[in-house]
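Chemist: Below is the file run_39.pdb, which contains PDB, C-alpha atoms.
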ATOM      1  CA  MET Q 273       0.000   0.000   0.000  1.00  0.00           C
ATOM      2  CA  THR Q 274       1.407   3.330  -1.000  1.00  0.00           C
ATOM      3  CA  GLY Q 275      -1.009   5.615   0.765  1.00  0.00           C
ATOM      4  CA  LEU Q 276      -1.379   7.710  -2.380  1.00  0.00           C
ATOM      5  CA  PRO Q 277      -4.903   8.449  -3.559  1.00  0.00           C
ATOM      6  CA  THR Q 278      -6.289   6.759  -6.661  1.00  0.00           C
ATOM      7  CA  HIS Q 279      -8.439   9.043  -8.787  1.00  0.00           C
ATOM      8  CA  GLU Q 280     -11.128   7.712 -11.106  1.00  0.00           C
ATOM      9  CA  PHE Q 281     -11.915   9.394 -14.430  1.00  0.00           C
ATOM     10  CA  LYS Q 282     -14.394   8.676 -17.205  1.00  0.00           C
ATOM     11  CA  VAL Q 283     -12.681   9.063 -20.571  1.00  0.00           C
ATOM     12  CA  GLU Q 284     -14.360   8.645 -23.964  1.00  0.00           C
ATOM     13  CA  MET Q 285     -12.033   5.938 -25.275  1.00  0.00           C
ATOM     14  CA  THR Q 286     -13.166   3.746 -28.153  1.00  0.00           C
ATOM     15  CA  CYS Q 287     -10.054   1.699 -28.895  1.00  0.00           C
ATOM     16  CA  THR Q 288      -6.656   0.646 -27.629  1.00  0.00           C
ATOM     17  CA  GLY Q 289      -5.169   3.632 -29.474  1.00  0.00           C
ATOM     18  CA  CYS Q 290      -7.233   5.949 -27.279  1.00  0.00           C
ATOM     19  CA  ALA Q 291      -6.100   4.094 -24.174  1.00  0.00           C
ATOM     20  CA  GLY Q 292      -2.499   4.331 -25.378  1.00  0.00           C
ATOM     21  CA  ALA Q 293      -2.821   8.101 -25.794  1.00  0.00           C
ATOM     22  CA  VAL Q 294      -4.013   8.406 -22.191  1.00  0.00           C
ATOM     23  CA  GLU Q 295      -1.107   6.257 -20.987  1.00  0.00           C
ATOM     24  CA  ARG Q 296       1.367   8.393 -22.953  1.00  0.00           C
ATOM     25  CA  VAL Q 297       0.242  11.767 -21.564  1.00  0.00           C
ATOM     26  CA  LEU Q 298       0.180  10.421 -18.014  1.00  0.00           C
ATOM     27  CA  GLY Q 299       3.559   8.762 -18.575  1.00  0.00           C
ATOM     28  CA  LYS Q 300       5.078  12.183 -19.258  1.00  0.00           C
ATOM     29  CA  LEU Q 301       4.393  13.090 -15.619  1.00  0.00           C
ATOM     30  CA  LYS Q 302       7.015  10.470 -14.647  1.00  0.00           C
ATOM     31  CA  GLU Q 303       7.495  10.176 -10.866  1.00  0.00           C
ATOM     32  CA  LYS Q 304       4.325  12.140 -10.084  1.00  0.00           C
ATOM     33  CA  VAL Q 305       2.197   9.233 -11.306  1.00  0.00           C
ATOM     34  CA  GLU Q 306       2.712   5.907  -9.576  1.00  0.00           C
ATOM     35  CA  LYS Q 307       0.176   3.770 -11.409  1.00  0.00           C
ATOM     36  CA  VAL Q 308      -2.313   3.971 -14.281  1.00  0.00           C
ATOM     37  CA  ASP Q 309      -5.070   1.397 -14.785  1.00  0.00           C
ATOM     38  CA  ILE Q 310      -7.288   1.655 -17.856  1.00  0.00           C
ATOM     39  CA  ASP Q 311     -10.667  -0.060 -18.109  1.00  0.00           C
ATOM     40  CA  LEU Q 312     -11.351   0.409 -21.828  1.00  0.00           C
ATOM     41  CA  GLU Q 313     -14.647  -1.483 -21.789  1.00  0.00           C
ATOM     42  CA  ASN Q 314     -16.142   0.812 -19.130  1.00  0.00           C
ATOM     43  CA  LYS Q 315     -14.224   3.897 -20.359  1.00  0.00           C
ATOM     44  CA  LYS Q 316     -12.581   4.455 -16.993  1.00  0.00           C
ATOM     45  CA  VAL Q 317      -9.057   5.463 -16.039  1.00  0.00           C
ATOM     46  CA  PHE Q 318      -7.668   5.014 -12.533  1.00  0.00           C
ATOM     47  CA  VAL Q 319      -4.596   7.081 -11.638  1.00  0.00           C
ATOM     48  CA  THR Q 320      -2.582   6.720  -8.439  1.00  0.00           C
ATOM     49  CA  SER Q 321      -0.692   9.972  -8.076  1.00  0.00           C
ATOM     50  CA  THR Q 322       0.598  12.776  -5.865  1.00  0.00           C
ATOM     51  CA  LEU Q 323      -1.075  15.267  -8.237  1.00  0.00           C
ATOM     52  CA  SER Q 324      -4.493  16.797  -7.652  1.00  0.00           C
ATOM     53  CA  SER Q 325      -7.545  15.576  -9.547  1.00  0.00           C
ATOM     54  CA  ASP Q 326      -7.627  18.913 -11.425  1.00  0.00           C
ATOM     55  CA  GLU Q 327      -4.026  18.511 -12.606  1.00  0.00           C
ATOM     56  CA  LEU Q 328      -4.687  14.952 -13.733  1.00  0.00           C
ATOM     57  CA  LEU Q 329      -7.930  15.962 -15.466  1.00  0.00           C
ATOM     58  CA  GLU Q 330      -6.153  18.684 -17.447  1.00  0.00           C
ATOM     59  CA  THR Q 331      -3.424  16.224 -18.425  1.00  0.00           C
ATOM     60  CA  ILE Q 332      -5.870  13.570 -19.659  1.00  0.00           C
ATOM     61  CA  LYS Q 333      -7.840  16.228 -21.568  1.00  0.00           C
ATOM     62  CA  LYS Q 334      -4.689  16.876 -23.647  1.00  0.00           C
ATOM     63  CA  THR Q 335      -5.570  13.667 -25.505  1.00  0.00           C
ATOM     64  CA  GLY Q 336      -8.607  15.467 -26.956  1.00  0.00           C
ATOM     65  CA  LYS Q 337     -10.915  12.896 -25.376  1.00  0.00           C
ATOM     66  CA  GLU Q 338     -13.938  14.013 -23.396  1.00  0.00           C
ATOM     67  CA  THR Q 339     -12.931  13.458 -19.780  1.00  0.00           C
ATOM     68  CA  SER Q 340     -14.695  13.857 -16.467  1.00  0.00           C
ATOM     69  CA  TYR Q 341     -13.603  13.281 -12.874  1.00  0.00           C
ATOM     70  CA  ILE Q 342     -15.626  10.680 -11.006  1.00  0.00           C
ATOM     71  CA  GLY Q 343     -13.906  10.769  -7.614  1.00  0.00           C
ATOM     72  CA  LEU Q 344     -11.521   8.914  -5.377  1.00  0.00           C
ATOM     73  CA  LYS Q 345     -11.547   5.144  -5.715  1.00  0.00           C
ATOM     74  CA  ALA Q 346     -12.476   3.484  -2.444  1.00  0.00           C
TER      75      ALA Q 346
END
Hey, can you dump this file as structure tokens for me?

Modeler:
Amino acid sequence: MTGLPTHEFKVEMTCTGCAGAVERVLGKLKEKVEKVDIDLENKKVFVTSTLSSDELLETIKKTGKETSYIGLKA
């Protein structure tokens, strides 16, 4: 357990290319993002990070995909 929060986002992803784009933009944050889980079927992205939900939301939006913040994953 890392103790870092995991944020849940809904991202309009239709294919693995979309999911790859999300992984790439989050990957550019390097050490600020510990883990990224993508649920393509349900169009959800889970990000474990030291960054705020707003910072992560803006980063994911750089993919051009419609993105919304759902909340912290329990």

Chemist: Report as a list in words the residues that result from applying the PyMOL selection byres ((chain Q and resi 315-320) around 8) to the structure here.

Modeler: Leu276, Pro277, Thr278, His279, Glu280, Phe281, Lys282, Val283, Glu284, Met285, Thr286, Val305, Glu306, Lys307, Val308, Asp309, Ile310, Asp311, Leu312, Glu313, Asn314, Ser321, Thr322 and Lys345 of chain Q

Chemist: Quick one: distance from CA of Lys333 in chain Q to CA of Gly275 in chain Q in Å, one decimal?

Modeler: 25.7 Å

Chemist: Could you write out as AutoDock Vina command-line options the box around range 296-306 of chain Q (axis-aligned, all atoms listed in the file, 6 Å on each side), with centre and edge lengths in Å to one decimal?

Modeler:
--center_x 3.8 --center_y 9.5 --center_z -16.3 --size_x 19.3 --size_y 19.2 --size_z 25.4

Chemist: For Leu323 in chain Q, which of Q:Cys287, Q:Leu301, Q:Ala346, Q:Ala293 is the closest residue, counting only C-alpha atoms?

Modeler: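 Ranking Q:Cys287, Q:Leu301, Q:Ala346, Q:Ala293 by distance to Leu323 in chain Q, first place goes to Q:Leu301.
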
Chemist: Please provide as an MDAnalysis selection string all residues within 9 Å of Thr335 in chain Q, with the sequence filter that same-chain residues fewer than 3 positions apart are discarded (counting all atoms listed in the file).

Modeler: chainID Q and resid 290 293:294 297 331:332 338

Chemist: Figure out the distance between CA of Leu298 in chain Q and CA of Lys334 in chain Q, please, to one decimal in Å.

Modeler: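 Taking CA of Lys334 in chain Q and CA of Leu298 in chain Q, their separation equals 9.9 Å.
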
Chemist: What does the distance from CA of Ser340 in chain Q to CA of Glu295 in chain Q come to in Å, to one decimal?

Modeler: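 That distance, rounded to one decimal, is 16.2 Å.
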
Chemist: Here is a test: counting all atoms listed in the file, which residue of Q:Glu303, Q:Ala291, Q:Ser324, Q:Glu330 is nearest to Gly343 in chain Q?

Modeler: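 Among the listed residues, the smallest separation from Gly343 in chain Q belongs to Q:Ser324.
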